[in-house]
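These notes concern the structure reproduced below.
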Amino acid sequence: MILAIDIGNTNIVIGCIRGEEIAFVERLHTDGTKSELEYAISIKTVLEIYGIDRKELEGGIISSVVPPLTGVIRRAAAKVTGREILVVGPGVKTGLDIRIDNPAQLGPDLVVGAVAGIEEYSCPLAIIDLGTATTFTVVNEKKQVIGGMIMPGVGVALESLISRTSQLPKISLEPPRKIIGSNTVDCMKSGVLYGNAACVDGMIGLIEEELGQKVSAVATGGMAKYIVPYCRTSIAMDDALLLKGLKIIYRRNR
């Protein structure tokens with residue numbers, strides 16, 4: 001069994017992988033003020049909640065888009081597991097054929113998502129990660145990563161809207177009663193949920209137009225469960241996509 005951790009700007013996704021099975025997927029809030037010991041306690045607690053015996057863990061792997069936390073959490077995970085922790089980055093074998101201007105610029109999260117996407121879904125493929133940012137990674141029919149798009153995430157855009165307007169309140173992300181809202185809160189909910197869903201649909205349409213062929217689509221990330229149900233395009237939801245990618249990369253580097 002291996003420990004897999006994906007460090008994002010908003011959440012840290014933690015999971016354990018036993019063979020081909022994802023034992024669990026859990027999220028912690030990303031906190032740059034926490035110490036190595038505090039993160040070790042958090043990781044240990046999550047393992048205990050899911051009944052994972054630390055002696056079962058043969059190793060671990062991390063992907064991170066928060067460089068100041070990478071070393072902290074790597075040491076915390078090593079402290080909990082007593083094993084070496086691999087970090088996705090230069091020198092790590094991924095098996096990806098990256099065809100962008102500067103392959104080194106492809107973020108570790110996008111690398112990991114593409115590795116899992118190619119393994120799990122048919123190509124050409126659009127991988128949509130709805131997190132702090134909303135990212136689209138495009139893989140062509142030859143299983144080559146050819147590029148993508150980055151836009152503000154659902155939560156980031158909503159926080160910006162609220163902070164820059166004096167009369168708009170904070171809202172929950174429950175669906176409005178109808179698309180055309182008749183009060184401020186429902187108007188905001190409709191704009192956030194249906195607006196972002198329409199954006200995802202539109203971007204997939206543009207990707208297909210540029211490629212000249214239909215694409216499969218898979219979505220992951222903390223905001224996927226709020227947005228994908230309102231998309232008109234057929235999009236698979238895979239909350240464990242990044243953990244699956246980490247599993248594959250770990251095995252390629254054993």
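By convention in this document, the chains of the structure tokens carry letters A, B, ... by their order, each chain's residues are numbered from 1, and ligands are numbered from 1 in the order they are shown.
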- Query: Ala197 (chain A): which residues within 6 Å, counting only C-alpha atoms, same-chain residues fewer than 4 positions away excluded, as a VMD selection string?
  - Reply: chain A and resid 227 230 to 231
Dump as CSV the rows for residues of region 74-180 of chain A within 12 Å of region 21-36 of chain A: closest atom pair and distance in Å with one decimal, only C-alpha atoms counted, ordered by chain and rising residue number.
```
residue,atom,partner,partner_atom,distance
A:Arg74,CA,A:Glu36,CA,8.7
A:Arg75,CA,A:Glu36,CA,6.7
A:Ala76,CA,A:Glu36,CA,5.2
A:Ala77,CA,A:Glu36,CA,8.9
A:Ala78,CA,A:Glu36,CA,10.3
A:Lys79,CA,A:Glu36,CA,9.0
A:Val80,CA,A:Glu36,CA,10.6
A:Thr132,CA,A:Thr30,CA,11.3
```
- Item | Test item, strand (DSSP E) assignment across region 7-213 of chain A, answer as a count of residues only | 51
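Nearest-residue note for Glu48 (chain A): choosing from A:Pro103, A:Cys123, A:Asp201, A:Cys16, the minimum distance belongs to A:Cys16, counting only C-alpha atoms.
Straight-line separation from CA of Val218 (chain A) to CA of Ile100 (chain A): 20.8 Å.
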- Message: Set the distance at 8 Å and use only C-alpha atoms: which residues neighbour Gly222 (chain A) once local chain neighbours fewer than 2 positions away are removed? I'd like the list as a PyMOL selection string.
- Response: chain A and resi 11+130-131+220+224-225+239
Generate a file of the selected residues that holds N, CA and C atoms, formatted as a PDB file, in the first residue's frame.
```pdb
ATOM      1  N   ASN A  11      -6.805  22.896  -1.195  1.00  0.00           N
ATOM      2  CA  ASN A  11      -6.946  21.626  -0.489  1.00  0.00           C
ATOM      3  C   ASN A  11      -5.737  20.725  -0.706  1.00  0.00           C
ATOM      4  N   LEU A 130     -11.329  21.298 -11.605  1.00  0.00           N
ATOM      5  CA  LEU A 130     -12.055  22.429 -11.046  1.00  0.00           C
ATOM      6  C   LEU A 130     -11.628  22.623  -9.601  1.00  0.00           C
ATOM      7  N   GLY A 131     -10.545  23.365  -9.422  1.00  0.00           N
ATOM      8  CA  GLY A 131     -10.019  23.639  -8.105  1.00  0.00           C
ATOM      9  C   GLY A 131      -9.901  25.133  -7.880  1.00  0.00           C
ATOM     10  N   THR A 220     -12.253  16.554 -12.387  1.00  0.00           N
ATOM     11  CA  THR A 220     -11.843  16.261 -11.019  1.00  0.00           C
ATOM     12  C   THR A 220     -11.727  17.583 -10.273  1.00  0.00           C
ATOM     13  N   ALA A 224     -15.782  20.178  -8.779  1.00  0.00           N
ATOM     14  CA  ALA A 224     -16.405  19.414  -9.871  1.00  0.00           C
ATOM     15  C   ALA A 224     -17.822  18.978  -9.517  1.00  0.00           C
ATOM     16  N   LYS A 225     -18.027  18.557  -8.271  1.00  0.00           N
ATOM     17  CA  LYS A 225     -19.346  18.055  -7.876  1.00  0.00           C
ATOM     18  C   LYS A 225     -20.426  19.137  -7.920  1.00  0.00           C
ATOM     19  N   ASP A 239     -13.150  11.787  -8.726  1.00  0.00           N
ATOM     20  CA  ASP A 239     -12.569  12.486  -7.585  1.00  0.00           C
ATOM     21  C   ASP A 239     -11.169  11.977  -7.251  1.00  0.00           C
TER      22      ASP A 239
END
```
- Excluding same-chain residues fewer than 4 positions from region 154-163 of chain A, what lies within 10 Å of it counting only C-alpha atoms, as a ChimeraX atom specification? /A:10,130-134,167-171,173,188-189,191-193,195-196,222-224,226-227
- Message: Which residues are close to Gly82 (chain A), i.e. within 9 Å by only C-alpha atoms, leaving aside same-chain residues fewer than 4 positions away? Reply as a PyMOL selection string.
- Response: chain A and resi 54-55+57-59+77-78
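Between CA of Leu241 (chain A) and CA of Met1 (chain A) lies a distance of 17.3 Å.
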- Message: Which residues are near Val92 (chain A)? Cut-off 12 Å, only C-alpha atoms, ignore same chain within fewer than 3 positions. Put them as a list in words.
- Response: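 My reading of the contact set: Ile61, Ile62, Ser63, Leu86, Val87, Val88, Gly89, Gly95, Leu96, Pro108, Val111, Val112, Leu246, Ile248, Ile249, Tyr250, Arg251, Arg252, Asn253 and Arg254 of chain A.
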- Between CA of Ile7 (chain A) and CA of Leu37 (chain A) - distance in Å to one decimal: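 Computed distance, CA of Leu37 (chain A) to CA of Ile7 (chain A), equals 16.7 Å.
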- Message: Please return, as a count of residues only, all residues of region 9-249 of chain A that DSSP assigns to helix (DSSP H, G or I) on the basis of the backbone.
- Response: 102
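Proximity of A:Ile52, A:Val139, A:Ile204, A:Ile41 to Ile98 (chain A), computed with only C-alpha atoms, is greatest for A:Val139.
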- From A:Ala40, A:Val145, A:Leu69, A:Ile127, residue lying nearest Arg99 (chain A) [only C-alpha atoms]: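 Among the listed residues, A:Val145 lies closest to Arg99 (chain A).
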